[in-house]
Amino acid sequence: MMNNSPTASLNVVFEFLNASLKPEVKECFRVKAIHKDMPDFLAHGSFTLEAYNLVRDSFMRSAGHSPVCRLLEDFCLFHETDRATAMTWAYALHLKEQDVLEALGADYAFNWNGILTEVLPPERDMSITRQDVPEWRNLVVPTDVWAKCQCYGYDSLVVLRGDRLLCDKSIAYYNYHSHNTSWDRAWERYQAGGGHRAFVAGSLNRLPKKESMAGGRKTI
């Protein structure tokens, strides 16, 4: 990759992985096809998981406004998990001398198996006031959307920027056995109503009825 390439800043990550990964793991990256949506991409014991963890822990959490992070933001990759996924895939493309932008420009739309409901400003402001998520203060902008994400067995507070995850925090855990049937039914209704795509587009009734009828926000 030439130094004047728009992705030249990624070389520091690739060089780090070259120095950190075992030779047999690097060989797997060279010869095996990988894609972020493959079932075994982050499977326990997979060669990709080791690289993913190294990238996430060494760069995505600590680099802040490094050239790597600024480049990834240009591709709307904000969350450490999306960034680490993109960089792991990009590393494989780099070793094969293929275009790493394929990995950075892929679809990273929010896709958790969770039901999104919007967190309105009073509750959002209360979370900030209580210092529940002080680390988000310098990340979130007014146009970002806060939501509660109810997954199978736990709830999270998430912030979305468009259809991308910006940040998340687990807020509750429960005995999933007791929520099995009710959660499955709610998930089916959510999916039938358009799921995450509809939430992001604003076509789900995310606001209280009175506000919605008054012309609530339609898009993020």
# chains A, B, ... in the order shown; residues from 1 in each chain; ligands from 1
>>> select_by_dssp(residues="stretch 71-212 of chain A", states="alpha helix (DSSP H)", output="number ranges by chain")
A: 71-74, 80-95, 101-104, 121-129, 180-192, 195-201, 209-212
>>> residues_around(residues="stretch 110-126 of chain A", least_positions_apart="5", cutoff="10 Å", atoms="only C-alpha atoms", output="NGL selection string")
:A and (82 or 131-132 or 145-166 or 183 or 186-191 or 195-197 or 199-200 or 204-208)
>>> closest_atom_pairs(of="stretch 51-163 of chain A", to="stretch 8-13 of chain A", cutoff="12 Å", atoms="only C-alpha atoms", output="tab-separated table")
residue	atom	partner	partner_atom	distance
A:Ala51	CA	A:Val13	CA	10.4
A:Tyr52	CA	A:Val13	CA	11.3
A:Leu54	CA	A:Val13	CA	9.7
A:Val55	CA	A:Val13	CA	7.4
A:Arg56	CA	A:Val13	CA	10.6
A:Asp57	CA	A:Val13	CA	11.9
A:Ser58	CA	A:Val13	CA	9.1
A:Phe59	CA	A:Val13	CA	7.8
A:Met60	CA	A:Val13	CA	10.4
A:Ala63	CA	A:Val13	CA	11.1
A:Ser66	CA	A:Ser9	CA	9.0
A:Pro67	CA	A:Ser9	CA	6.0
A:Val68	CA	A:Ser9	CA	5.6
A:Cys69	CA	A:Ser9	CA	9.3
A:Arg70	CA	A:Ser9	CA	9.6
A:Leu71	CA	A:Ser9	CA	7.9
A:Leu72	CA	A:Leu10	CA	9.6
A:Arg83	CA	A:Val13	CA	11.7
A:Ala84	CA	A:Val13	CA	10.4
A:Ala86	CA	A:Leu10	CA	11.1
A:Met87	CA	A:Val13	CA	8.0
A:Thr88	CA	A:Val13	CA	9.6
A:Ala90	CA	A:Leu10	CA	9.0
A:Tyr91	CA	A:Val13	CA	8.4
A:His94	CA	A:Asn11	CA	9.3
A:Leu95	CA	A:Asn11	CA	11.4
A:Val100	CA	A:Leu10	CA	9.4
A:Leu101	CA	A:Leu10	CA	10.7
A:Leu104	CA	A:Leu10	CA	10.9
>>> closest_residue(among="A:Met38, A:Ala109, A:Val25, A:Ala92", to="A:Leu77", atoms="only C-alpha atoms")
A:Ala109
>>> select_by_dssp(residues="stretch 31-206 of chain A", states="strand (DSSP E)", output="compact mmCIF listing (two decimals) with all heavy atoms, in the first residue's frame")
# COMPACT_ATOMS: atom_id res chain seq x y z
N GLY A 114 -32.47 -7.19 19.06
CA GLY A 114 -33.07 -6.48 20.18
C GLY A 114 -34.14 -5.52 19.69
O GLY A 114 -34.09 -5.03 18.56
N ILE A 115 -35.10 -5.25 20.54
CA ILE A 115 -36.22 -4.38 20.22
C ILE A 115 -35.88 -2.96 20.66
O ILE A 115 -35.64 -2.71 21.84
CB ILE A 115 -37.50 -4.86 20.93
CG1 ILE A 115 -37.82 -6.30 20.49
CG2 ILE A 115 -38.67 -3.94 20.63
CD1 ILE A 115 -38.84 -6.99 21.37
N LEU A 116 -35.86 -2.04 19.72
CA LEU A 116 -35.51 -0.66 20.02
C LEU A 116 -36.74 0.17 20.36
O LEU A 116 -37.75 0.12 19.66
CB LEU A 116 -34.81 -0.03 18.81
CG LEU A 116 -33.43 -0.59 18.43
CD1 LEU A 116 -32.94 0.05 17.14
CD2 LEU A 116 -32.43 -0.38 19.55
N THR A 117 -36.65 0.92 21.43
CA THR A 117 -37.66 1.91 21.78
C THR A 117 -36.92 3.20 22.13
O THR A 117 -35.91 3.18 22.84
CB THR A 117 -38.53 1.48 22.97
OG1 THR A 117 -37.68 1.12 24.07
CG2 THR A 117 -39.39 0.28 22.60
N GLU A 118 -37.43 4.31 21.63
CA GLU A 118 -36.69 5.56 21.80
C GLU A 118 -36.71 6.05 23.24
O GLU A 118 -37.73 5.98 23.92
CB GLU A 118 -37.27 6.63 20.88
CG GLU A 118 -36.41 7.89 20.84
CD GLU A 118 -36.78 8.81 19.70
OE1 GLU A 118 -37.89 8.70 19.17
OE2 GLU A 118 -35.94 9.65 19.34
N VAL A 145 -29.72 9.52 18.19
CA VAL A 145 -30.93 8.98 18.80
C VAL A 145 -30.58 8.00 19.91
O VAL A 145 -29.82 7.05 19.69
CB VAL A 145 -31.82 8.28 17.74
CG1 VAL A 145 -32.96 7.53 18.40
CG2 VAL A 145 -32.38 9.31 16.77
N TRP A 146 -31.12 8.25 21.10
CA TRP A 146 -30.95 7.34 22.23
C TRP A 146 -32.09 6.34 22.22
O TRP A 146 -33.25 6.70 21.96
CB TRP A 146 -31.01 8.12 23.54
CG TRP A 146 -29.87 9.07 23.77
CD1 TRP A 146 -29.46 10.08 22.96
CD2 TRP A 146 -29.02 9.09 24.92
NE1 TRP A 146 -28.39 10.73 23.52
CE2 TRP A 146 -28.10 10.16 24.73
CE3 TRP A 146 -28.94 8.33 26.09
CZ2 TRP A 146 -27.13 10.47 25.67
CZ3 TRP A 146 -27.97 8.64 27.02
CH2 TRP A 146 -27.07 9.70 26.81
N ALA A 147 -31.77 5.08 22.51
CA ALA A 147 -32.82 4.06 22.52
C ALA A 147 -32.52 3.00 23.57
O ALA A 147 -31.36 2.76 23.93
CB ALA A 147 -32.93 3.40 21.14
N LYS A 148 -33.57 2.40 24.07
CA LYS A 148 -33.44 1.21 24.89
C LYS A 148 -33.52 0.01 23.95
O LYS A 148 -34.40 -0.06 23.10
CB LYS A 148 -34.56 1.14 25.92
CG LYS A 148 -34.54 -0.12 26.77
CD LYS A 148 -35.73 -0.15 27.75
CE LYS A 148 -35.78 -1.44 28.55
NZ LYS A 148 -36.96 -1.48 29.45
N CYS A 149 -32.57 -0.88 24.08
CA CYS A 149 -32.53 -2.09 23.24
C CYS A 149 -32.80 -3.29 24.14
O CYS A 149 -31.95 -3.68 24.95
CB CYS A 149 -31.19 -2.21 22.55
SG CYS A 149 -31.09 -3.60 21.40
N GLN A 150 -33.99 -3.88 24.00
CA GLN A 150 -34.36 -5.03 24.80
C GLN A 150 -33.98 -6.31 24.04
O GLN A 150 -34.58 -6.66 23.04
CB GLN A 150 -35.86 -5.03 25.10
CG GLN A 150 -36.30 -6.20 25.97
CD GLN A 150 -37.80 -6.25 26.18
OE1 GLN A 150 -38.53 -5.42 25.63
NE2 GLN A 150 -38.27 -7.21 26.94
N CYS A 151 -32.95 -6.97 24.53
CA CYS A 151 -32.48 -8.21 23.93
C CYS A 151 -33.00 -9.41 24.74
O CYS A 151 -33.71 -9.24 25.72
CB CYS A 151 -30.96 -8.23 23.84
SG CYS A 151 -30.28 -6.91 22.80
N TYR A 154 -31.30 -9.40 28.43
CA TYR A 154 -30.71 -8.18 28.98
C TYR A 154 -31.21 -6.98 28.20
O TYR A 154 -31.70 -7.09 27.08
CB TYR A 154 -29.19 -8.23 28.96
CG TYR A 154 -28.60 -8.23 27.57
CD1 TYR A 154 -28.18 -7.04 26.97
CD2 TYR A 154 -28.46 -9.41 26.83
CE1 TYR A 154 -27.63 -7.02 25.70
CE2 TYR A 154 -27.92 -9.40 25.56
CZ TYR A 154 -27.51 -8.21 25.00
OH TYR A 154 -26.98 -8.20 23.73
N ASP A 155 -31.09 -5.83 28.82
CA ASP A 155 -31.43 -4.56 28.18
C ASP A 155 -30.18 -3.70 28.10
O ASP A 155 -29.33 -3.76 29.00
CB ASP A 155 -32.50 -3.80 28.96
CG ASP A 155 -33.84 -4.51 28.99
OD1 ASP A 155 -34.05 -5.39 28.14
OD2 ASP A 155 -34.66 -4.18 29.88
N SER A 156 -30.09 -2.91 27.06
CA SER A 156 -28.97 -1.98 26.90
C SER A 156 -29.50 -0.60 26.56
O SER A 156 -30.60 -0.46 25.99
CB SER A 156 -28.02 -2.43 25.80
OG SER A 156 -27.32 -3.59 26.16
N LEU A 157 -28.72 0.39 26.91
CA LEU A 157 -28.95 1.76 26.45
C LEU A 157 -27.99 1.98 25.29
O LEU A 157 -26.79 1.75 25.42
CB LEU A 157 -28.66 2.75 27.58
CG LEU A 157 -28.95 4.23 27.30
CD1 LEU A 157 -30.44 4.46 27.09
CD2 LEU A 157 -28.44 5.08 28.46
N VAL A 158 -28.53 2.38 24.14
CA VAL A 158 -27.70 2.56 22.95
C VAL A 158 -27.93 3.95 22.38
O VAL A 158 -28.99 4.56 22.59
CB VAL A 158 -27.98 1.49 21.87
CG1 VAL A 158 -27.75 0.09 22.42
CG2 VAL A 158 -29.39 1.61 21.32
N VAL A 159 -26.94 4.43 21.65
CA VAL A 159 -27.07 5.67 20.90
C VAL A 159 -26.74 5.35 19.45
O VAL A 159 -25.71 4.73 19.15
CB VAL A 159 -26.12 6.76 21.42
CG1 VAL A 159 -26.28 8.04 20.59
CG2 VAL A 159 -26.42 7.06 22.88
N LEU A 160 -27.64 5.74 18.56
CA LEU A 160 -27.46 5.50 17.13
C LEU A 160 -27.20 6.82 16.41
O LEU A 160 -27.81 7.84 16.73
CB LEU A 160 -28.71 4.84 16.54
CG LEU A 160 -29.13 3.49 17.11
CD1 LEU A 160 -30.41 3.02 16.44
CD2 LEU A 160 -28.04 2.46 16.97
N ARG A 161 -26.30 6.76 15.47
CA ARG A 161 -26.04 7.90 14.58
C ARG A 161 -26.42 7.41 13.19
O ARG A 161 -25.70 6.64 12.57
CB ARG A 161 -24.59 8.34 14.64
CG ARG A 161 -24.26 9.54 13.76
CD ARG A 161 -22.90 10.13 14.13
NE ARG A 161 -22.92 10.69 15.48
CZ ARG A 161 -21.84 11.10 16.13
NH1 ARG A 161 -20.64 10.99 15.55
NH2 ARG A 161 -21.94 11.61 17.34
N ARG A 164 -26.07 3.54 12.41
CA ARG A 164 -24.86 2.97 12.99
C ARG A 164 -24.86 3.13 14.51
O ARG A 164 -25.34 4.13 15.05
CB ARG A 164 -23.61 3.66 12.42
CG ARG A 164 -23.51 3.59 10.89
CD ARG A 164 -23.35 2.17 10.38
NE ARG A 164 -23.37 2.07 8.95
CZ ARG A 164 -22.27 2.15 8.17
NH1 ARG A 164 -21.09 2.34 8.71
NH2 ARG A 164 -22.38 2.03 6.87
N LEU A 165 -24.27 2.15 15.18
CA LEU A 165 -24.14 2.20 16.63
C LEU A 165 -23.00 3.15 17.00
O LEU A 165 -21.89 3.02 16.50
CB LEU A 165 -23.86 0.80 17.17
CG LEU A 165 -23.69 0.68 18.69
CD1 LEU A 165 -24.96 1.08 19.43
CD2 LEU A 165 -23.28 -0.74 19.07
N LEU A 166 -23.29 4.07 17.90
CA LEU A 166 -22.28 5.00 18.40
C LEU A 166 -21.71 4.52 19.73
O LEU A 166 -20.51 4.44 19.92
CB LEU A 166 -22.85 6.40 18.54
CG LEU A 166 -21.89 7.47 19.05
CD1 LEU A 166 -20.77 7.73 18.04
CD2 LEU A 166 -22.63 8.76 19.36
N CYS A 167 -22.59 4.17 20.69
CA CYS A 167 -22.15 3.68 21.98
C CYS A 167 -23.27 2.89 22.64
O CYS A 167 -24.44 3.00 22.26
CB CYS A 167 -21.67 4.80 22.90
SG CYS A 167 -22.62 6.32 22.83
N ASP A 168 -22.90 2.05 23.60
CA ASP A 168 -23.90 1.22 24.28
C ASP A 168 -23.46 0.96 25.71
O ASP A 168 -22.28 1.04 26.04
CB ASP A 168 -24.08 -0.10 23.54
CG ASP A 168 -22.89 -1.03 23.72
OD1 ASP A 168 -21.82 -0.77 23.16
OD2 ASP A 168 -23.04 -2.04 24.44
N LYS A 169 -24.45 0.62 26.55
CA LYS A 169 -24.18 0.29 27.94
C LYS A 169 -25.28 -0.65 28.43
O LYS A 169 -26.46 -0.35 28.28
CB LYS A 169 -24.18 1.56 28.80
CG LYS A 169 -23.89 1.31 30.29
CD LYS A 169 -23.94 2.61 31.05
CE LYS A 169 -23.63 2.41 32.53
NZ LYS A 169 -22.21 2.04 32.75
N SER A 170 -24.90 -1.79 28.99
CA SER A 170 -25.87 -2.72 29.56
C SER A 170 -26.49 -2.09 30.80
O SER A 170 -25.79 -1.51 31.64
CB SER A 170 -25.21 -4.05 29.93
OG SER A 170 -24.72 -4.69 28.77
N ILE A 171 -27.82 -2.18 30.92
CA ILE A 171 -28.50 -1.54 32.03
C ILE A 171 -29.33 -2.51 32.87
O ILE A 171 -29.74 -2.16 33.97
CB ILE A 171 -29.41 -0.38 31.55
CG1 ILE A 171 -30.41 -0.89 30.50
CG2 ILE A 171 -28.58 0.77 31.01
CD1 ILE A 171 -31.40 0.19 30.04
N ALA A 172 -29.58 -3.72 32.38
CA ALA A 172 -30.39 -4.67 33.16
C ALA A 172 -30.20 -6.08 32.62
O ALA A 172 -29.99 -6.28 31.42
CB ALA A 172 -31.86 -4.29 33.11
N TYR A 173 -30.24 -7.04 33.52
CA TYR A 173 -30.23 -8.45 33.17
C TYR A 173 -31.42 -9.12 33.85
O TYR A 173 -31.86 -8.68 34.92
CB TYR A 173 -28.93 -9.13 33.64
CG TYR A 173 -27.70 -8.63 32.93
CD1 TYR A 173 -26.98 -7.55 33.45
CD2 TYR A 173 -27.26 -9.21 31.75
CE1 TYR A 173 -25.85 -7.07 32.81
CE2 TYR A 173 -26.14 -8.74 31.11
CZ TYR A 173 -25.43 -7.68 31.64
OH TYR A 173 -24.32 -7.21 30.99
>>> atom_distance(atom1="atom CA of A:Lys36", atom2="atom CA of A:Ala103")
8.3 Å
>>> atom_distance(atom1="atom CA of A:Val31", atom2="atom CA of A:Asn53")
20.6 Å
